[in-house]
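work.cif follows (mmCIF, C-alpha atoms (C1' of nucleotides)):
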```
data_coords
loop_
_atom_site.label_atom_id
_atom_site.label_comp_id
_atom_site.auth_asym_id
_atom_site.auth_seq_id
_atom_site.Cartn_x
_atom_site.Cartn_y
_atom_site.Cartn_z
CA MET A 14 18.74 39.81 35.34
CA GLN A 15 20.56 40.89 32.22
CA ASN A 16 24.13 40.62 33.32
CA ALA A 17 27.18 39.75 31.28
CA GLU A 18 27.13 36.07 32.24
CA VAL A 19 23.61 35.56 30.99
CA LEU A 20 24.53 37.11 27.67
CA LYS A 21 27.63 34.91 27.43
CA ILE A 22 25.52 31.83 28.00
CA ARG A 23 22.97 32.87 25.39
CA SER A 24 25.76 33.46 22.95
CA PHE A 25 27.06 29.98 23.62
CA ASN A 26 23.57 28.57 23.12
CA ARG A 27 23.41 30.08 19.67
CA PHE A 28 26.86 28.82 18.82
CA TYR A 29 26.27 25.34 20.09
CA THR A 30 22.85 24.75 18.63
CA LYS A 31 24.25 25.91 15.32
CA THR A 32 27.23 23.57 15.60
CA ILE A 33 25.07 20.62 16.58
CA GLY A 34 22.60 21.62 13.94
CA LEU A 35 25.29 21.01 11.37
CA VAL A 36 25.94 17.58 12.80
CA ASP A 37 22.25 16.77 12.92
CA ARG A 38 21.57 17.95 9.42
CA TYR A 39 24.41 15.82 8.21
CA TYR A 40 23.41 12.57 9.77
CA LEU A 41 19.74 13.27 9.36
CA ASN A 42 20.12 12.64 5.70
CA THR A 43 17.30 10.09 5.92
CA PRO A 44 13.75 10.01 4.61
CA TYR A 45 12.57 10.78 8.14
CA THR A 46 12.07 13.90 10.20
CA LEU A 47 13.71 14.52 13.55
CA ILE A 48 10.51 13.61 15.37
CA GLN A 49 10.16 10.37 13.48
CA LEU A 50 13.72 9.45 14.40
CA ARG A 51 13.06 10.29 18.03
CA VAL A 52 10.16 7.88 17.98
CA LEU A 53 12.50 5.17 16.74
CA TYR A 54 15.07 6.00 19.39
CA GLU A 55 12.42 5.82 22.10
CA THR A 56 11.82 2.18 21.23
CA ARG A 57 15.47 1.40 21.25
CA TYR A 58 16.29 0.55 24.82
CA SER A 59 12.94 -0.06 26.44
CA SER A 60 11.49 -3.44 25.66
CA ASP A 61 8.12 -2.38 27.04
CA CYS A 62 7.65 0.71 24.92
CA THR A 63 4.08 1.75 24.17
CA ALA A 64 2.44 4.57 22.26
CA ARG A 65 1.32 6.05 25.54
CA LYS A 66 4.85 6.27 26.84
CA ILE A 67 6.11 7.94 23.71
CA VAL A 68 3.27 10.43 23.73
CA LYS A 69 4.25 11.41 27.26
CA THR A 70 7.98 11.68 26.82
CA LEU A 71 7.90 13.25 23.37
CA GLN A 72 4.73 15.24 23.91
CA LEU A 73 3.17 14.34 20.60
CA ASP A 74 -0.45 14.15 19.58
CA GLU A 75 -1.53 10.56 20.07
CA GLY A 76 -3.39 10.41 16.77
CA TYR A 77 -0.35 11.69 14.98
CA LEU A 78 1.87 9.20 16.75
CA SER A 79 -0.49 6.35 15.93
CA ARG A 80 -0.05 7.12 12.25
CA LEU A 81 3.71 7.59 12.58
CA ILE A 82 4.00 4.16 14.16
CA ASP A 83 1.86 2.59 11.48
CA SER A 84 4.01 4.07 8.76
CA PHE A 85 7.13 2.68 10.44
CA VAL A 86 5.43 -0.69 10.60
CA LYS A 87 4.68 -0.37 6.92
CA ASP A 88 8.33 0.47 6.27
CA GLY A 89 9.36 -2.60 8.24
CA LEU A 90 11.28 -0.75 10.95
CA LEU A 91 8.83 -1.22 13.84
CA GLN A 92 6.50 -3.98 14.96
CA LYS A 93 3.46 -3.91 17.23
CA ASN A 94 2.62 -6.71 19.66
CA ARG A 95 -0.66 -6.66 21.50
CA SER A 96 -0.21 -7.16 25.23
CA GLU A 97 -1.66 -10.38 26.53
CA LYS A 98 -2.48 -8.85 29.87
CA ASP A 99 -4.16 -5.74 28.52
CA GLY A 100 -5.71 -5.92 25.09
CA ARG A 101 -5.70 -2.16 24.65
CA VAL A 102 -1.92 -1.93 24.79
CA PHE A 103 0.55 -2.55 21.99
CA TYR A 104 4.22 -3.05 22.66
CA ILE A 105 6.28 -1.34 20.03
CA SER A 106 9.73 -2.54 19.16
CA LEU A 107 12.35 -2.34 16.46
CA THR A 108 12.45 -5.07 13.86
CA GLN A 109 15.79 -6.49 12.75
CA LYS A 110 15.73 -3.99 9.91
CA GLY A 111 14.85 -1.23 12.38
CA GLN A 112 17.76 -2.21 14.62
CA GLU A 113 20.15 -2.03 11.73
CA PHE A 114 18.78 1.31 10.62
CA VAL A 115 19.21 2.84 14.06
CA GLU A 116 22.71 1.44 14.36
CA MET A 117 23.59 2.92 11.01
CA LEU A 118 22.33 6.33 12.16
CA ASP A 119 24.35 6.00 15.30
CA GLU A 120 27.43 5.23 13.33
CA LYS A 121 26.85 8.27 11.15
CA ALA A 122 26.39 10.48 14.19
CA ASN A 123 29.65 9.19 15.62
CA GLU A 124 31.45 9.87 12.39
CA SER A 125 30.03 13.34 12.27
CA ILE A 126 31.24 14.16 15.76
CA GLY A 127 34.53 12.51 14.93
CA LYS A 128 34.95 14.88 12.04
CA LEU A 129 34.15 17.86 14.22
CA ILE A 130 36.98 16.99 16.61
CA SER A 131 39.39 15.49 14.14
CA HIS A 132 41.66 18.51 14.12
CA LEU A 133 42.11 18.53 17.89
CA ALA A 134 45.12 17.27 19.79
CA ILE A 135 44.50 14.82 22.61
CA ASP A 136 44.83 17.38 25.37
CA GLU A 137 42.57 19.80 23.53
CA LEU A 138 39.95 17.11 23.21
CA LYS A 139 40.26 16.35 26.90
CA ALA A 140 39.76 20.05 27.62
CA VAL A 141 36.56 19.99 25.58
CA THR A 142 35.07 17.00 27.35
CA ARG A 143 36.13 18.37 30.72
CA ALA A 144 34.38 21.63 29.86
CA MET A 145 31.27 19.67 28.93
CA GLU A 146 31.35 17.84 32.22
CA THR A 147 31.60 21.15 34.04
CA ILE A 148 28.57 22.54 32.23
CA THR A 149 26.57 19.39 32.78
CA LYS A 150 27.43 19.38 36.45
CA TYR A 151 26.35 22.96 37.07
CA LEU A 152 23.39 23.24 34.73
CA SER A 153 21.73 19.96 35.56
CA THR A 154 18.24 20.80 36.66
CA GLU A 155 16.93 17.33 37.46
CA SER A 156 13.31 17.50 36.49
CA TYR A 157 12.30 20.98 35.48
CA ASP A 158 8.85 20.37 34.06
CA MET B 14 35.71 6.46 15.16
CA GLN B 15 33.60 5.35 18.08
CA ASN B 16 35.85 6.20 20.96
CA ALA B 17 34.93 7.28 24.45
CA GLU B 18 35.35 10.98 23.71
CA VAL B 19 32.88 10.91 20.85
CA LEU B 20 30.32 9.23 23.07
CA LYS B 21 30.92 11.79 25.82
CA ILE B 22 30.32 14.59 23.37
CA ARG B 23 27.13 13.03 22.09
CA SER B 24 25.94 12.59 25.62
CA PHE B 25 26.58 16.26 26.24
CA ASN B 26 24.69 17.15 23.07
CA ARG B 27 21.64 15.34 24.33
CA PHE B 28 21.91 16.94 27.72
CA TYR B 29 22.43 20.42 26.38
CA THR B 30 19.78 20.42 23.70
CA LYS B 31 17.35 19.15 26.30
CA THR B 32 18.37 21.86 28.76
CA ILE B 33 18.15 24.59 26.16
CA GLY B 34 14.98 23.04 24.84
CA LEU B 35 13.40 23.73 28.18
CA VAL B 36 14.51 27.32 27.98
CA ASP B 37 13.34 27.69 24.41
CA ARG B 38 9.99 26.06 24.96
CA TYR B 39 9.48 28.33 27.91
CA TYR B 40 10.20 31.61 26.27
CA LEU B 41 8.75 30.49 23.00
CA ASN B 42 5.38 30.70 24.59
CA THR B 43 4.29 32.93 21.73
CA PRO B 44 1.91 32.44 18.82
CA TYR B 45 4.93 31.99 16.54
CA THR B 46 7.17 29.12 15.54
CA LEU B 47 10.92 29.10 15.95
CA ILE B 48 11.39 29.86 12.27
CA GLN B 49 9.05 32.80 12.40
CA LEU B 50 10.92 34.20 15.37
CA ARG B 51 14.20 33.76 13.55
CA VAL B 52 12.83 35.84 10.72
CA LEU B 53 12.04 38.59 13.18
CA TYR B 54 15.49 38.37 14.72
CA GLU B 55 17.09 38.63 11.31
CA THR B 56 15.54 42.05 10.84
CA ARG B 57 16.63 43.20 14.21
CA TYR B 58 20.10 44.55 13.71
CA SER B 59 20.42 45.01 9.99
CA SER B 60 18.68 48.11 8.74
CA ASP B 61 19.01 46.92 5.15
CA CYS B 62 17.37 43.54 5.59
CA THR B 63 15.64 42.07 2.55
CA ALA B 64 13.76 38.87 1.82
CA ARG B 65 16.66 37.72 -0.30
CA LYS B 66 19.09 38.03 2.59
CA ILE B 67 16.84 36.11 4.94
CA VAL B 68 16.31 33.37 2.39
CA LYS B 69 20.06 32.95 2.15
CA THR B 70 20.91 33.00 5.81
CA LEU B 71 17.90 31.01 7.02
CA GLN B 72 17.67 28.79 3.96
CA LEU B 73 13.94 29.10 3.59
CA ASP B 74 11.76 28.79 0.54
CA GLU B 75 11.30 32.27 -0.85
CA GLY B 76 7.59 31.82 -1.45
CA TYR B 77 7.15 30.66 2.09
CA LEU B 78 9.16 33.56 3.43
CA SER B 79 7.15 36.01 1.35
CA ARG B 80 4.02 34.84 3.09
CA LEU B 81 5.64 34.80 6.51
CA ILE B 82 6.69 38.39 6.06
CA ASP B 83 3.22 39.38 4.91
CA SER B 84 1.65 37.78 7.94
CA PHE B 85 4.02 39.69 10.20
CA VAL B 86 3.08 42.86 8.35
CA LYS B 87 -0.56 42.01 8.94
CA ASP B 88 0.19 41.47 12.63
CA GLY B 89 1.88 44.85 12.75
CA LEU B 90 5.34 43.57 13.70
CA LEU B 91 7.14 44.16 10.41
CA GLN B 92 6.99 46.78 7.71
CA LYS B 93 8.11 46.70 4.09
CA ASN B 94 9.65 49.70 2.33
CA ARG B 95 10.30 49.55 -1.38
CA SER B 96 13.85 50.56 -2.25
CA GLU B 97 14.08 53.80 -4.20
CA LYS B 98 17.15 52.64 -6.04
CA ASP B 99 15.81 49.21 -7.01
CA GLY B 100 12.08 48.81 -7.28
CA ARG B 101 12.25 45.06 -6.94
CA VAL B 102 13.66 45.21 -3.46
CA PHE B 103 11.77 45.69 -0.22
CA TYR B 104 13.55 46.63 2.96
CA ILE B 105 12.05 44.80 5.88
CA SER B 106 12.19 46.24 9.37
CA LEU B 107 10.56 45.96 12.74
CA THR B 108 7.75 48.34 13.57
CA GLN B 109 7.61 49.94 16.99
CA LYS B 110 5.35 47.12 18.06
CA GLY B 111 7.77 44.60 16.54
CA GLN B 112 10.68 46.15 18.42
CA GLU B 113 8.81 45.88 21.67
CA PHE B 114 7.84 42.30 20.96
CA VAL B 115 11.41 41.26 20.25
CA GLU B 116 12.65 43.07 23.33
CA MET B 117 10.05 41.29 25.41
CA LEU B 118 11.21 37.95 24.05
CA ASP B 119 14.78 38.85 24.80
CA GLU B 120 13.90 39.76 28.32
CA LYS B 121 12.12 36.44 28.77
CA ALA B 122 15.08 34.52 27.41
CA ASN B 123 17.35 36.35 29.82
CA GLU B 124 15.09 35.58 32.72
CA SER B 125 14.96 31.97 31.72
CA ILE B 126 18.74 31.66 31.65
CA GLY B 127 18.91 33.64 34.85
CA LYS B 128 16.70 31.06 36.50
CA LEU B 129 18.85 28.24 35.19
CA ILE B 130 21.94 29.69 36.86
CA SER B 131 20.30 31.24 39.88
CA HIS B 132 21.50 28.55 42.25
CA LEU B 133 25.16 28.94 41.28
CA ALA B 134 27.83 30.73 43.26
CA ILE B 135 29.87 33.32 41.43
CA ASP B 136 32.89 31.10 40.95
CA GLU B 137 30.70 28.25 39.73
CA LEU B 138 29.11 30.56 37.20
CA LYS B 139 32.55 31.66 36.07
CA ALA B 140 33.52 28.02 35.65
CA VAL B 141 30.49 27.49 33.42
CA THR B 142 31.21 30.42 31.14
CA ARG B 143 34.88 29.50 31.01
CA ALA B 144 33.88 25.98 29.99
CA MET B 145 31.67 27.44 27.28
CA GLU B 146 34.52 29.53 25.99
CA THR B 147 36.71 26.46 25.83
CA ILE B 148 34.14 24.54 23.82
CA THR B 149 33.54 27.44 21.49
CA LYS B 150 37.24 27.86 20.92
CA TYR B 151 37.88 24.25 20.01
CA LEU B 152 34.70 23.40 18.18
CA SER B 153 34.47 26.49 16.03
CA THR B 154 34.34 25.29 12.49
CA GLU B 155 34.16 28.63 10.67
CA SER B 156 32.00 27.87 7.70
CA TYR B 157 31.26 24.23 7.40
CA ASP B 158 28.72 24.26 4.62
"C1'" DG C 10 -22.48 -8.56 38.05
"C1'" DA C 11 -24.51 -5.00 35.12
"C1'" DT C 12 -23.50 -0.03 34.22
"C1'" DA C 13 -20.52 3.81 34.14
"C1'" DA C 14 -16.02 5.72 33.78
"C1'" DT C 15 -11.50 5.40 32.22
"C1'" DT C 16 -7.71 4.06 29.31
"C1'" DA C 17 -5.14 2.89 24.91
"C1'" DC C 18 -5.29 3.44 20.63
"C1'" DT C 19 -7.58 4.68 15.91
"C1'" DT C 20 -9.77 7.39 12.45
"C1'" DG C 21 -11.84 11.37 9.99
"C1'" DC C 22 -11.50 16.08 9.39
"C1'" DT C 23 -9.11 20.32 9.51
"C1'" DT C 24 -5.34 23.58 9.98
"C1'" DT C 25 -0.68 24.72 9.69
"C1'" DT C 26 3.63 24.39 7.63
"C1'" DG C 27 6.44 23.96 3.90
"C1'" DT C 28 7.57 23.08 -1.25
"C1'" DC C 29 7.45 23.68 -6.20
"C1'" DA C 30 6.80 26.06 -10.10
"C1'" DA C 31 4.79 29.57 -12.78
"C1'" DG C 32 4.00 34.56 -12.85
"C1'" DT C 33 4.97 39.75 -12.48
"C1'" DA C 34 7.63 43.71 -12.39
"C1'" DA C 35 12.09 45.95 -12.17
"C1'" DT C 36 16.85 45.91 -13.51
"C1'" DT C 37 20.90 44.64 -16.06
"C1'" DA C 38 23.29 42.70 -20.08
"C1'" DT C 39 23.73 42.23 -25.08
"C1'" DA D 7 15.23 47.38 -28.33
"C1'" DT D 8 15.43 42.55 -26.76
"C1'" DA D 9 16.91 39.01 -23.83
"C1'" DA D 10 18.41 37.50 -19.45
"C1'" DT D 11 18.47 37.99 -14.69
"C1'" DT D 12 16.84 39.32 -10.20
"C1'" DA D 13 13.44 40.13 -6.29
"C1'" DC D 14 9.50 39.06 -4.90
"C1'" DT D 15 4.50 37.06 -5.35
"C1'" DT D 16 0.98 33.76 -6.10
"C1'" DG D 17 -1.43 29.38 -6.94
"C1'" DA D 18 -1.51 24.66 -6.41
"C1'" DC D 19 -0.21 21.13 -3.72
"C1'" DA D 20 1.96 17.87 -0.24
"C1'" DA D 21 3.50 16.85 4.27
"C1'" DA D 22 3.18 17.58 9.16
"C1'" DA D 23 0.51 18.29 13.07
"C1'" DG D 24 -3.64 18.99 15.86
"C1'" DC D 25 -8.53 18.27 17.34
"C1'" DA D 26 -12.18 15.61 18.39
"C1'" DA D 27 -15.17 11.78 17.85
"C1'" DG D 28 -15.03 6.76 17.80
"C1'" DT D 29 -13.84 1.77 19.15
"C1'" DA D 30 -12.48 -1.76 22.09
"C1'" DA D 31 -10.58 -3.29 26.44
"C1'" DT D 32 -10.18 -2.60 31.30
"C1'" DT D 33 -11.32 -0.83 35.82
"C1'" DA D 34 -14.46 1.30 39.17
"C1'" DT D 35 -18.99 1.74 41.27
"C1'" DC D 36 -23.28 0.69 42.92
#
```
Please express what this file holds, its structure, as structure tokens.
Amino acid sequence: MQNAEVLKIRSFNRFYTKTIGLVDRYYLNTPYTLIQLRVLYETRYSSDCTARKIVKTLQLDEGYLSRLIDSFVKDGLLQKNRSEKDGRVFYISLTQKGQEFVEMLDEKANESIGKLISHLAIDELKAVTRAMETITKYLSTESYD
Amino acid sequence: MQNAEVLKIRSFNRFYTKTIGLVDRYYLNTPYTLIQLRVLYETRYSSDCTARKIVKTLQLDEGYLSRLIDSFVKDGLLQKNRSEKDGRVFYISLTQKGQEFVEMLDEKANESIGKLISHLAIDELKAVTRAMETITKYLSTESYD
DNA sequence: GATAATTACTTGCTTTTGTCAAGTAATTAT
DNA sequence: ATAATTACTTGACAAAAGCAAGTAATTATC
């Protein structure tokens, strides 16, 4: 299975993770780790986010997550609301401050990507996004694990 | 700087890191972390690999690396050879066992990519690698930091 | 409708991972 | 010869992550 195409793809993987790594490192200039930020992002769009859900999607230890959430609560970025229907469950959501923080990160990420493509002409940029669409189309696995 | 193209690229980043993450997690089914494996890979092609070099390229703490290397030596995957010209320097290289381990990993990574593209027709595969070439060409930064 | 099993989350304890700074030995500069 | 630098090591420590027991609420079972 070691043909030239496989090697090309692996080479691209190395290139791209390195390139994105630069972007990440840049905008990750926060007091939080990548995992901590992912926890925040998980709460972003789902209004009914719970620890259980995050544990499943992010595959974290639940004890560890429990403490992560508490520290975000302490920092004023997250809030916990006990469910009225099920007293075991806490709904986790961003506070106003948390919202603003996430938006700021988002802005930084956009800027970072903007920088990466700033030297490109319009048609070159279009070629890049078209190439990305091609890759997405053909490499989409739709539920792998 | 928040135009549609930037958002498309960020969407692709999420997709691709997730896709590659699957691959990585799969073939990383080893007792080692990603960083530890990178240390091994660093020694792979350069016969004159030293701790200093790895510290620079991988940006690790030198004390940490020193211990990582020692644990690999203990596991029989790496060996240290004191330089005859400069007694401070140790050349680090893969043992026979280390070679075999790295080759095994490589094989697994190839298989994993092979699986990912197994459902593609030849011209689809070509389209993917062409798309990757396009992205590489336009997003190459050549020393960013 | 009391008891057992399960679920959601928490807490204590431990290991792993990573950092900082001081320490040693070899080399180079003055 | 002495000082400064370099390559690596070691000890002490902090942060991140994992394991397992524990609590409270809910659901299942007889």
- Task: Determine which residues of chain A sit within 12 Å of chain C, taking into account only C-alpha atoms (C1' of nucleotides), and present them as a PyMOL selection string.
- Result: chain A and resi 63-66+68+74-80+82-83+93+95-96+99-104
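When all atoms listed in the file are used to measure the gap to chain B, the shortest distance among A:Val115, A:Leu91, A:Leu107, A:Leu133 belongs to A:Leu133.
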Could I get the residues of chain D with an atom no further than 9 Å from an atom of chain B, each paired with its nearest atom pair and that distance in Å to one decimal, using only C-alpha atoms (C1' of nucleotides), sorted by chain and residue number, as CSV?
```
residue,atom,partner,partner_atom,distance
D:DT12,C1',B:Arg101,CA,8.0
D:DA13,C1',B:Arg101,CA,5.1
D:DC14,C1',B:Arg101,CA,6.9
D:DT15,C1',B:Gly76,CA,7.2
D:DT16,C1',B:Gly76,CA,8.3
```
Only C-alpha atoms (C1' of nucleotides), please: the residues just picked out, written as a short mmCIF file (atom, residue, chain, number, x, y, z; two decimals), in the coordinates of the input.
```cif
data_model
loop_
_atom_site.label_atom_id
_atom_site.label_comp_id
_atom_site.auth_asym_id
_atom_site.auth_seq_id
_atom_site.Cartn_x
_atom_site.Cartn_y
_atom_site.Cartn_z
"C1'" DT D 12 16.84 39.32 -10.20
"C1'" DA D 13 13.44 40.13 -6.29
"C1'" DC D 14 9.50 39.06 -4.90
"C1'" DT D 15 4.50 37.06 -5.35
"C1'" DT D 16 0.98 33.76 -6.10
#
```
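For the atom pair formed by atom CA of Thr149 of chain B and atom CA of Ile135 of chain B, the distance is 21.1 Å, given to one decimal.
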Wanna dump the chain A-chain B contacts at 8 Å for me, each residue with its shortest atom pair and the distance in Å to one decimal, counting only C-alpha atoms, ordered by chain and number, as a tab-separated table?
```
residue	atom	partner	partner_atom	distance
A:Met14	CA	B:Glu124	CA	6.2
A:Gln15	CA	B:Asn123	CA	6.1
A:Glu18	CA	B:Thr142	CA	7.1
A:Val19	CA	B:Ile126	CA	6.3
A:Leu20	CA	B:Asn123	CA	7.5
A:Lys21	CA	B:Thr142	CA	6.8
A:Ile22	CA	B:Thr142	CA	6.7
A:Arg23	CA	B:Ile126	CA	7.7
A:Phe25	CA	B:Met145	CA	6.4
A:Asn26	CA	B:Ile33	CA	7.4
A:Phe28	CA	B:Thr149	CA	7.3
A:Tyr29	CA	B:Thr149	CA	7.7
A:Thr30	CA	B:Thr30	CA	7.3
A:Thr32	CA	B:Ser153	CA	7.8
A:Ile33	CA	B:Asn26	CA	7.4
A:Leu35	CA	B:Tyr157	CA	7.9
A:Glu120	CA	B:Gln15	CA	7.8
A:Asn123	CA	B:Gln15	CA	6.0
A:Glu124	CA	B:Met14	CA	6.1
A:Ile126	CA	B:Val19	CA	6.3
A:Gly127	CA	B:Met14	CA	6.2
A:Leu129	CA	B:Leu152	CA	6.8
A:Ile130	CA	B:Leu152	CA	7.0
A:Leu133	CA	B:Tyr151	CA	7.4
A:Glu137	CA	B:Tyr151	CA	7.4
A:Leu138	CA	B:Glu18	CA	7.7
A:Lys139	CA	B:Glu18	CA	7.9
A:Ala140	CA	B:Thr147	CA	7.3
A:Val141	CA	B:Ile148	CA	5.4
A:Thr142	CA	B:Ile22	CA	6.6
A:Arg143	CA	B:Ala144	CA	8.0
A:Ala144	CA	B:Ala144	CA	4.4
A:Met145	CA	B:Phe25	CA	6.4
A:Glu146	CA	B:Phe25	CA	7.8
A:Thr147	CA	B:Val141	CA	6.5
A:Ile148	CA	B:Val141	CA	5.4
A:Thr149	CA	B:Phe25	CA	7.3
A:Tyr151	CA	B:Val141	CA	7.1
A:Leu152	CA	B:Leu129	CA	6.8
A:Ser153	CA	B:Thr32	CA	7.8
A:Thr154	CA	B:Leu129	CA	7.6
A:Tyr157	CA	B:Leu35	CA	7.9
```
Give me a file of those residues, with C-alpha atoms, as a compact mmCIF listing (two decimals), keeping the file's coordinate frame.
```txt
# COMPACT_ATOMS: atom_id res chain seq x y z
CA MET A 14 18.74 39.81 35.34
CA GLN A 15 20.56 40.89 32.22
CA GLU A 18 27.13 36.07 32.24
CA VAL A 19 23.61 35.56 30.99
CA LEU A 20 24.53 37.11 27.67
CA LYS A 21 27.63 34.91 27.43
CA ILE A 22 25.52 31.83 28.00
CA ARG A 23 22.97 32.87 25.39
CA PHE A 25 27.06 29.98 23.62
CA ASN A 26 23.57 28.57 23.12
CA PHE A 28 26.86 28.82 18.82
CA TYR A 29 26.27 25.34 20.09
CA THR A 30 22.85 24.75 18.63
CA THR A 32 27.23 23.57 15.60
CA ILE A 33 25.07 20.62 16.58
CA LEU A 35 25.29 21.01 11.37
CA GLU A 120 27.43 5.23 13.33
CA ASN A 123 29.65 9.19 15.62
CA GLU A 124 31.45 9.87 12.39
CA ILE A 126 31.24 14.16 15.76
CA GLY A 127 34.53 12.51 14.93
CA LEU A 129 34.15 17.86 14.22
CA ILE A 130 36.98 16.99 16.61
CA LEU A 133 42.11 18.53 17.89
CA GLU A 137 42.57 19.80 23.53
CA LEU A 138 39.95 17.11 23.21
CA LYS A 139 40.26 16.35 26.90
CA ALA A 140 39.76 20.05 27.62
CA VAL A 141 36.56 19.99 25.58
CA THR A 142 35.07 17.00 27.35
CA ARG A 143 36.13 18.37 30.72
CA ALA A 144 34.38 21.63 29.86
CA MET A 145 31.27 19.67 28.93
CA GLU A 146 31.35 17.84 32.22
CA THR A 147 31.60 21.15 34.04
CA ILE A 148 28.57 22.54 32.23
CA THR A 149 26.57 19.39 32.78
CA TYR A 151 26.35 22.96 37.07
CA LEU A 152 23.39 23.24 34.73
CA SER A 153 21.73 19.96 35.56
CA THR A 154 18.24 20.80 36.66
CA TYR A 157 12.30 20.98 35.48
```
- Could you tell me which residues the PyMOL selection byres ((chain A and resi 89) around 12) returns for this structure, as JSON, numbers by chain? {"A": [53, 82, 83, 84, 85, 86, 87, 88, 90, 91, 92, 93, 106, 107, 108, 109, 110, 111, 112, 113, 114]}
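Between atom CA of Ile48 of chain B and atom CA of Glu116 of chain B the separation is 17.3 Å.
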